$ cat run20.cif   # mmCIF, C-alpha atoms
data_start
loop_
_atom_site.label_atom_id
_atom_site.label_comp_id
_atom_site.auth_asym_id
_atom_site.auth_seq_id
_atom_site.Cartn_x
_atom_site.Cartn_y
_atom_site.Cartn_z
CA MET I 4 75.80 48.62 -44.20
CA ASP I 5 79.19 46.94 -44.20
CA LEU I 6 81.64 49.62 -43.07
CA GLN I 7 85.14 49.51 -41.71
CA ARG I 8 87.18 52.24 -40.09
CA HIS I 9 90.18 53.60 -41.96
CA GLY I 10 91.80 56.18 -39.78
CA ARG I 11 89.17 58.89 -39.37
CA HIS I 12 87.24 57.71 -42.43
CA GLN I 13 84.61 55.05 -42.91
CA ARG I 14 85.06 52.65 -45.80
CA HIS I 15 82.73 50.00 -47.10
CA GLY I 16 83.70 46.35 -47.43
CA ASP I 17 85.30 46.77 -50.87
CA GLY I 18 87.12 49.90 -49.72
CA SER I 19 84.62 52.44 -51.09
CA ALA I 20 84.99 55.71 -49.23
CA GLY I 21 82.13 58.12 -48.62
CA ASP I 22 78.42 57.43 -48.65
CA ALA I 23 78.08 55.16 -51.72
CA ASP I 24 78.96 51.47 -51.64
CA TYR I 25 80.46 50.70 -55.04
CA GLY I 26 80.96 47.10 -54.05
CA ARG I 27 77.16 46.89 -54.28
CA ILE I 28 76.30 49.35 -57.07
CA GLY I 29 79.47 49.62 -59.16
CA GLY I 30 79.28 46.52 -61.33
CA SER I 31 78.02 48.26 -64.48
CA TYR I 32 80.03 51.48 -64.36
CA SER I 33 82.53 50.53 -67.05
CA ARG I 34 79.61 49.78 -69.40
CA TYR I 35 77.36 52.76 -68.67
CA ARG I 36 79.80 55.45 -67.49
CA ARG I 37 82.13 55.69 -70.46
CA PRO I 38 84.03 58.94 -71.03
CA ASP I 39 82.28 61.22 -73.49
CA PRO I 40 84.88 62.69 -75.90
CA ARG I 41 83.33 66.18 -75.89
CA ILE I 42 83.34 66.38 -72.12
CA ALA I 43 86.82 64.84 -72.06
CA ARG I 44 88.06 67.64 -74.31
CA VAL I 45 86.87 70.26 -71.82
CA VAL I 46 88.62 68.49 -68.96
CA HIS I 47 91.86 67.91 -70.85
CA ASP I 48 92.01 71.49 -72.12
CA ALA I 49 91.82 72.68 -68.52
CA LEU I 50 94.91 70.61 -67.68
CA GLY I 51 96.97 72.59 -70.17
CA ASP I 52 100.36 71.12 -71.03
CA ALA I 53 100.64 69.08 -67.82
CA ARG I 54 102.53 65.83 -68.30
CA THR I 55 101.98 64.25 -64.89
CA VAL I 56 98.35 64.18 -63.74
CA LEU I 57 96.77 62.87 -60.55
CA ASN I 58 93.23 61.50 -60.94
CA VAL I 59 91.42 61.18 -57.61
CA GLY I 60 88.28 59.06 -57.42
CA ALA I 61 89.43 57.54 -60.69
CA GLY I 62 86.88 54.73 -60.78
CA ALA I 63 87.10 52.61 -63.92
CA GLY I 64 89.33 55.17 -65.64
CA SER I 65 86.93 57.58 -67.29
CA TYR I 66 88.51 60.76 -68.67
CA GLU I 67 92.11 59.65 -68.17
CA SER I 68 94.21 60.84 -71.09
CA ALA I 69 96.35 58.24 -72.84
CA ASP I 70 98.98 60.83 -73.79
CA ARG I 71 99.71 61.95 -70.22
CA ASP I 72 101.37 60.22 -67.29
CA VAL I 73 98.29 59.65 -65.11
CA THR I 74 98.43 58.40 -61.52
CA PRO I 75 94.95 57.18 -60.53
CA VAL I 76 93.66 56.93 -56.97
CA GLU I 77 90.52 54.85 -56.29
CA PRO I 78 89.44 53.38 -52.94
CA SER I 79 86.87 50.88 -54.31
CA ALA I 80 88.28 47.46 -55.21
CA ARG I 81 85.31 46.78 -57.47
CA MET I 82 85.92 49.94 -59.45
CA ARG I 83 89.67 49.30 -59.66
CA ALA I 84 88.94 45.85 -61.09
CA GLN I 85 86.99 47.37 -64.00
CA ARG I 86 89.89 49.45 -65.27
CA PRO I 87 90.94 48.33 -68.77
CA PRO I 88 94.42 46.83 -69.27
CA GLY I 89 95.77 49.90 -71.09
CA LEU I 90 95.39 52.17 -68.06
CA ALA I 91 97.68 52.39 -65.07
CA PRO I 92 96.54 50.37 -62.04
CA ALA I 93 94.83 52.58 -59.49
CA ILE I 94 96.29 53.17 -56.03
CA ASP I 95 94.08 52.25 -53.10
CA ALA I 96 93.80 55.54 -51.21
CA THR I 97 91.33 58.29 -50.36
CA ALA I 98 91.30 61.97 -51.33
CA GLU I 99 91.78 63.01 -47.72
CA ARG I 100 95.03 61.03 -47.39
CA LEU I 101 96.99 61.13 -50.61
CA PRO I 102 100.21 59.11 -50.34
CA PHE I 103 102.41 61.54 -52.27
CA PRO I 104 104.96 64.23 -51.40
CA ASP I 105 104.20 67.91 -51.85
CA ASN I 106 104.20 69.22 -55.44
CA SER I 107 104.31 65.74 -56.98
CA PHE I 108 102.13 66.44 -60.04
CA ASP I 109 101.83 69.01 -62.80
CA ALA I 110 98.03 68.89 -62.54
CA ALA I 111 95.16 67.04 -60.87
CA MET I 112 91.65 66.06 -61.87
CA THR I 113 88.58 64.51 -60.33
CA THR I 114 85.36 63.71 -62.17
CA PHE I 115 81.99 63.05 -60.54
CA SER I 116 83.77 62.33 -57.28
CA VAL I 117 83.90 65.27 -54.84
CA HIS I 118 80.35 64.64 -53.61
CA GLN I 119 81.54 61.23 -52.37
CA TRP I 120 84.42 62.48 -50.25
CA THR I 121 84.05 62.14 -46.49
CA GLU I 122 85.85 65.43 -45.77
CA LEU I 123 85.67 67.69 -48.80
CA ASP I 124 87.91 70.48 -47.54
CA ALA I 125 90.58 68.02 -46.44
CA GLY I 126 90.50 66.34 -49.84
CA LEU I 127 90.76 69.61 -51.74
CA ALA I 128 93.60 70.72 -49.49
CA GLU I 129 95.40 67.49 -50.31
CA LEU I 130 94.94 68.13 -54.03
CA ARG I 131 96.46 71.57 -53.61
CA ARG I 132 99.31 70.16 -51.56
CA VAL I 133 100.43 67.59 -54.14
CA THR I 134 99.74 69.63 -57.30
CA ARG I 135 101.88 72.34 -58.87
CA GLY I 136 99.42 73.49 -61.53
CA PRO I 137 95.72 73.32 -62.44
CA ILE I 138 93.14 71.26 -60.56
CA ALA I 139 90.11 70.33 -62.69
CA VAL I 140 86.93 69.29 -60.87
CA LEU I 141 84.07 67.98 -63.03
CA THR I 142 80.94 68.07 -60.91
CA ALA I 143 77.30 69.19 -60.76
CA ASP I 144 76.06 72.52 -59.49
CA PRO I 145 73.34 71.55 -56.99
CA LEU I 146 71.49 74.82 -57.65
CA LEU I 147 70.91 73.82 -61.29
CA LEU I 148 69.68 70.26 -60.84
CA ARG I 149 65.98 71.14 -61.11
CA ARG I 150 66.38 72.11 -64.77
CA PHE I 151 66.10 68.42 -65.62
CA TRP I 152 62.70 66.80 -66.34
CA LEU I 153 63.54 64.03 -63.86
CA ASP I 154 62.37 66.45 -61.17
CA GLU I 155 58.79 65.82 -62.36
CA TYR I 156 59.08 62.04 -62.11
CA CYS I 157 61.43 61.29 -59.24
CA PRO I 158 62.37 64.42 -57.29
CA GLU I 159 63.83 62.14 -54.63
CA VAL I 160 66.82 61.47 -56.91
CA LEU I 161 67.55 65.15 -57.32
CA ASP I 162 66.98 65.68 -53.60
CA ALA I 163 69.72 63.11 -52.98
CA GLU I 164 72.04 64.78 -55.47
CA ALA I 165 71.37 68.25 -54.08
CA ARG I 166 72.28 67.03 -50.57
CA ARG I 167 75.49 65.42 -51.72
CA TYR I 168 77.00 67.79 -54.27
CA PRO I 169 78.99 70.67 -52.79
CA THR I 170 78.10 74.16 -53.93
CA VAL I 171 80.27 75.84 -56.54
CA GLU I 172 80.96 78.59 -54.00
CA HIS I 173 82.34 76.02 -51.59
CA LEU I 174 84.63 74.56 -54.23
CA THR I 175 85.92 77.92 -55.44
CA ALA I 176 86.62 79.08 -51.89
CA ALA I 177 88.57 75.91 -51.14
CA LEU I 178 90.56 75.94 -54.40
CA GLY I 179 91.73 79.53 -54.12
CA ASP I 180 91.44 83.00 -55.56
CA HIS I 181 92.23 82.08 -59.17
CA THR I 182 89.48 79.49 -59.55
CA THR I 183 87.19 79.66 -62.59
CA VAL I 184 83.85 77.94 -63.30
CA HIS I 185 82.87 76.71 -66.75
CA PRO I 186 79.39 75.38 -67.66
CA VAL I 187 79.69 72.14 -69.65
CA PRO I 188 76.94 71.50 -72.24
CA ILE I 189 75.72 67.90 -72.25
CA PRO I 190 75.52 66.35 -75.74
CA LEU I 191 72.36 64.56 -76.86
CA ASP I 192 74.20 61.29 -77.50
CA CYS I 193 76.40 61.55 -74.40
CA VAL I 194 77.98 58.17 -73.65
CA ASP I 195 78.71 58.97 -70.01
CA GLY I 196 75.49 57.80 -68.38
CA PHE I 197 74.97 60.23 -65.52
CA ASN I 198 71.30 61.15 -65.09
CA GLU I 199 71.25 64.27 -67.26
CA ALA I 200 72.97 62.42 -70.11
CA TYR I 201 69.53 60.97 -70.85
CA TYR I 202 67.76 64.33 -71.16
CA GLY I 203 66.63 63.44 -74.70
CA ARG I 204 66.55 59.65 -74.28
CA PRO I 205 64.16 59.09 -71.37
CA GLU I 206 63.66 55.38 -72.12
CA ALA I 207 67.23 54.74 -71.01
CA LEU I 208 66.40 55.52 -67.38
CA LEU I 209 63.90 52.66 -67.33
CA ASP I 210 66.94 50.35 -67.43
CA PRO I 211 67.78 49.35 -63.82
CA ALA I 212 71.49 48.99 -64.66
CA ALA I 213 71.59 52.52 -66.06
CA ARG I 214 70.03 53.85 -62.87
CA LEU I 215 72.39 51.81 -60.71
CA SER I 216 75.32 53.47 -62.51
CA CYS I 217 74.20 56.81 -61.03
CA SER I 218 74.89 56.59 -57.31
CA ALA I 219 72.04 58.93 -56.32
CA TRP I 220 69.50 56.21 -57.14
CA SER I 221 70.96 54.05 -54.36
CA PHE I 222 69.65 56.60 -51.84
CA VAL I 223 66.06 56.49 -53.12
CA GLU I 224 63.41 54.28 -51.53
CA PRO I 225 62.20 51.35 -53.68
CA GLN I 226 58.64 52.71 -53.61
CA ALA I 227 59.80 55.96 -55.24
CA VAL I 228 61.73 54.05 -57.90
CA ALA I 229 58.67 51.89 -58.63
CA ARG I 230 56.53 55.02 -58.95
CA PHE I 231 59.07 56.54 -61.32
CA THR I 232 59.21 53.53 -63.65
CA THR I 233 55.43 53.18 -63.69
CA THR I 234 54.74 56.85 -64.34
CA LEU I 235 57.49 57.41 -66.90
CA GLY I 236 56.65 54.18 -68.69
CA ARG I 237 53.00 55.22 -68.93
CA ASP I 238 53.84 58.74 -70.11
CA LEU I 239 56.18 57.42 -72.79
CA ALA I 240 53.56 54.94 -73.98
CA ASP I 241 50.72 57.45 -74.25
CA GLY I 242 52.82 60.37 -75.55
CA THR I 243 52.56 62.58 -72.45
CA TRP I 244 56.34 62.85 -72.03
CA ASP I 245 56.80 63.81 -75.67
CA THR I 246 54.07 66.41 -75.48
CA ARG I 247 55.91 68.09 -72.62
CA HIS I 248 59.53 67.41 -73.49
CA GLY I 249 59.69 65.92 -76.99
CA HIS I 250 61.78 68.84 -78.28
CA LEU I 251 64.64 67.48 -76.20
CA ARG I 252 64.92 64.41 -78.43
CA THR I 253 66.53 66.56 -81.12
CA GLN I 254 68.10 69.31 -79.01
CA PRO I 255 71.87 69.00 -79.64
CA THR I 256 72.95 69.93 -76.11
CA PHE I 257 71.41 70.51 -72.72
CA ASP I 258 72.58 73.20 -70.31
CA GLY I 259 72.04 71.29 -67.11
CA SER I 260 74.00 71.20 -63.87
CA LEU I 261 77.36 69.98 -65.26
CA VAL I 262 80.26 72.35 -64.54
CA LEU I 263 84.04 72.25 -64.59
CA VAL I 264 85.66 74.07 -61.69
CA VAL I 265 89.34 74.83 -62.34
CA GLY I 266 91.63 75.97 -59.57
CA ARG I 267 95.32 76.70 -59.52
CA SER I 268 97.34 75.72 -56.52
CA ARG I 269 100.02 78.31 -57.20
#
$ encode --input "run20.cif" --output "structure tokens"
Amino acid sequence: MDLQRHGRHQRHGDGSAGDADYGRIGGSYSRYRRPDPRIARVVHDALGDARTVLNVGAGAGSYESADRDVTPVEPSARMRAQRPPGLAPAIDATAERLPFPDNSFDAAMTTFSVHQWTELDAGLAELRRVTRGPIAVLTADPLLLRRFWLDEYCPEVLDAEARRYPTVEHLTAALGDHTTVHPVPIPLDCVDGFNEAYYGRPEALLDPAARLSCSAWSFVEPQAVARFTTTLGRDLADGTWDTRHGHLRTQPTFDGSLVLVVGRSR
């Protein structure tokens, strides 16, 4: 694993911070991890009337609002390179060391990112330091991951996610007394390709690029991935999956592990 030291933090060769190397797995994110408008609405509503917004772990720019002044922070060079021309260039920095004065922003956001941070509490403290208003954290509740049928086919993926995602209790304690937690229903045709987005479209997870756009798969042994593709492919072909889970193909939303945690720094 190609790592370099950056202060107290380890960073991969392309600058990726945390445990996932986006220089290796991040090439398809802008294609598979597009912002879903219904999820975006939940995030943007939580930001209220904030004009200046910090986005930490900004990646390729998902969920950044075009009608706000967004300052993105993203350590991975490969992810920064995928940002479309209409978005602000991302600053190369990590959550634990934000290069901004106190109270610089009206609000802050981070989506599918906190589980990657090397020092979660330090990163959340930095968000509170530089933010005057709401802090919106879109993440997964590790206690709810087993609701998803993937647990039957490749529990190793959910094991990896459960190890990496911080508990909601941890986040609320770090963000302060006025923190609220909001379950986020996942739409059937969700265009943001995290694992649960395919709850009613299981064929999609047979696509290696779709799996690679969910970082948890990079922590799963090749033998487990091969078993998953063989077993799911067989069960889709002979109707076993549909016998067990076919109702999900027409279920409008899925109440999975997706949550929005909203804290207020003041």
$ closest_residue --input "run20.cif" --among "I:Gly249, I:Gly266, I:Pro211, I:Pro40" --to "Val171 in chain I" --atoms "all atoms listed in the file"
I:Gly266
$ closest_atom_pairs --input "run20.cif" --of "range 14-123 of chain I" --to "range 195-203 of chain I" --cutoff "10 Å" --atoms "all atoms listed in the file" --output "JSON lines"
{"residue": "I:Tyr32", "atom": "CA", "partner": "I:Gly196", "partner_atom": "CA", "distance": 8.8}
{"residue": "I:Ser33", "atom": "CA", "partner": "I:Asp195", "partner_atom": "CA", "distance": 9.7}
{"residue": "I:Arg34", "atom": "CA", "partner": "I:Gly196", "partner_atom": "CA", "distance": 9.1}
{"residue": "I:Tyr35", "atom": "CA", "partner": "I:Gly196", "partner_atom": "CA", "distance": 5.4}
{"residue": "I:Arg36", "atom": "CA", "partner": "I:Asp195", "partner_atom": "CA", "distance": 4.5}
{"residue": "I:Arg37", "atom": "CA", "partner": "I:Asp195", "partner_atom": "CA", "distance": 4.8}
{"residue": "I:Pro38", "atom": "CA", "partner": "I:Asp195", "partner_atom": "CA", "distance": 5.4}
{"residue": "I:Asp39", "atom": "CA", "partner": "I:Asp195", "partner_atom": "CA", "distance": 5.5}
{"residue": "I:Pro40", "atom": "CA", "partner": "I:Asp195", "partner_atom": "CA", "distance": 9.3}
{"residue": "I:Ile42", "atom": "CA", "partner": "I:Asp195", "partner_atom": "CA", "distance": 9.0}
{"residue": "I:Ser65", "atom": "CA", "partner": "I:Asp195", "partner_atom": "CA", "distance": 8.8}
{"residue": "I:Phe115", "atom": "CA", "partner": "I:Phe197", "partner_atom": "CA", "distance": 9.1}
$ resolve_selection --input "run20.cif" --expression "the PyMOL selection byres ((chain I and resi 184) around 7)" --output "list of chain:residue names"
I:Thr182, I:Thr183, I:His185, I:Pro186, I:Val262, I:Leu263, I:Val264, I:Val265
$ write_last_selection --input "run20.cif" --atoms "C-alpha atoms" --output "tab-separated table (two decimals), keeping the file's coordinate frame"
chain	number	residue	atom	x	y	z
I	182	THR	CA	89.48	79.49	-59.55
I	183	THR	CA	87.19	79.66	-62.59
I	185	HIS	CA	82.87	76.71	-66.75
I	186	PRO	CA	79.39	75.38	-67.66
I	262	VAL	CA	80.26	72.35	-64.54
I	263	LEU	CA	84.04	72.25	-64.59
I	264	VAL	CA	85.66	74.07	-61.69
I	265	VAL	CA	89.34	74.83	-62.34
$ resolve_selection --input "run20.cif" --expression "the PyMOL selection byres ((chain I and resi 100) around 12)" --output "PyMOL selection string"
chain I and resi 9-12+20+59+76-78+94-99+101-104+120-130+132-133
$ resolve_selection --input "run20.cif" --expression "the PyMOL selection byres ((chain I and resi 57) around 6)" --output "PyMOL selection string"
chain I and resi 56+58+73-75+111
$ write_last_selection --input "run20.cif" --atoms "C-alpha atoms" --output "compact mmCIF listing (two decimals), in the frame of the given file"
# COMPACT_ATOMS: atom_id res chain seq x y z
CA VAL I 56 98.35 64.18 -63.74
CA ASN I 58 93.23 61.50 -60.94
CA VAL I 73 98.29 59.65 -65.11
CA THR I 74 98.43 58.40 -61.52
CA PRO I 75 94.95 57.18 -60.53
CA ALA I 111 95.16 67.04 -60.87
$ closest_residue --input "run20.cif" --among "I:Leu147, I:Val194, I:Leu90, I:Ile138" --to "Met112 in chain I" --atoms "only C-alpha atoms"
I:Ile138
$ atom_distance --input "run20.cif" --atom1 "CA of Ala139 in chain I" --atom2 "CA of Val46 in chain I"
6.7 Å
$ atom_distance --input "run20.cif" --atom1 "CA of Ala163 in chain I" --atom2 "CA of Arg204 in chain I"
21.8 Å
$ closest_residue --input "run20.cif" --among "I:Glu206, I:Asp144, I:Asp162, I:Asp52" --to "Asp70 in chain I" --atoms "all atoms listed in the file"
I:Asp52
$ closest_residue --input "run20.cif" --among "I:Gly259, I:Gly51, I:Gly236, I:Gly242" --to "Gly136 in chain I" --atoms "all atoms listed in the file"
I:Gly51
$ closest_residue --input "run20.cif" --among "I:Ala177, I:Leu191, I:Leu161, I:Ala69" --to "His250 in chain I" --atoms "only C-alpha atoms"
I:Leu191
$ closest_residue --input "run20.cif" --among "I:Arg86, I:Ser107, I:Ser116, I:Pro137" --to "His181 in chain I" --atoms "all atoms listed in the file"
I:Pro137
$ axis_aligned_box --input "run20.cif" --around "range 136-144 of chain I" --padding-each-side "8 Å" --output "lines of an AutoDock Vina configuration file"
center_x = 87.7
center_y = 70.7
center_z = -61.3
size_x = 39.4
size_y = 21.5
size_z = 19.5
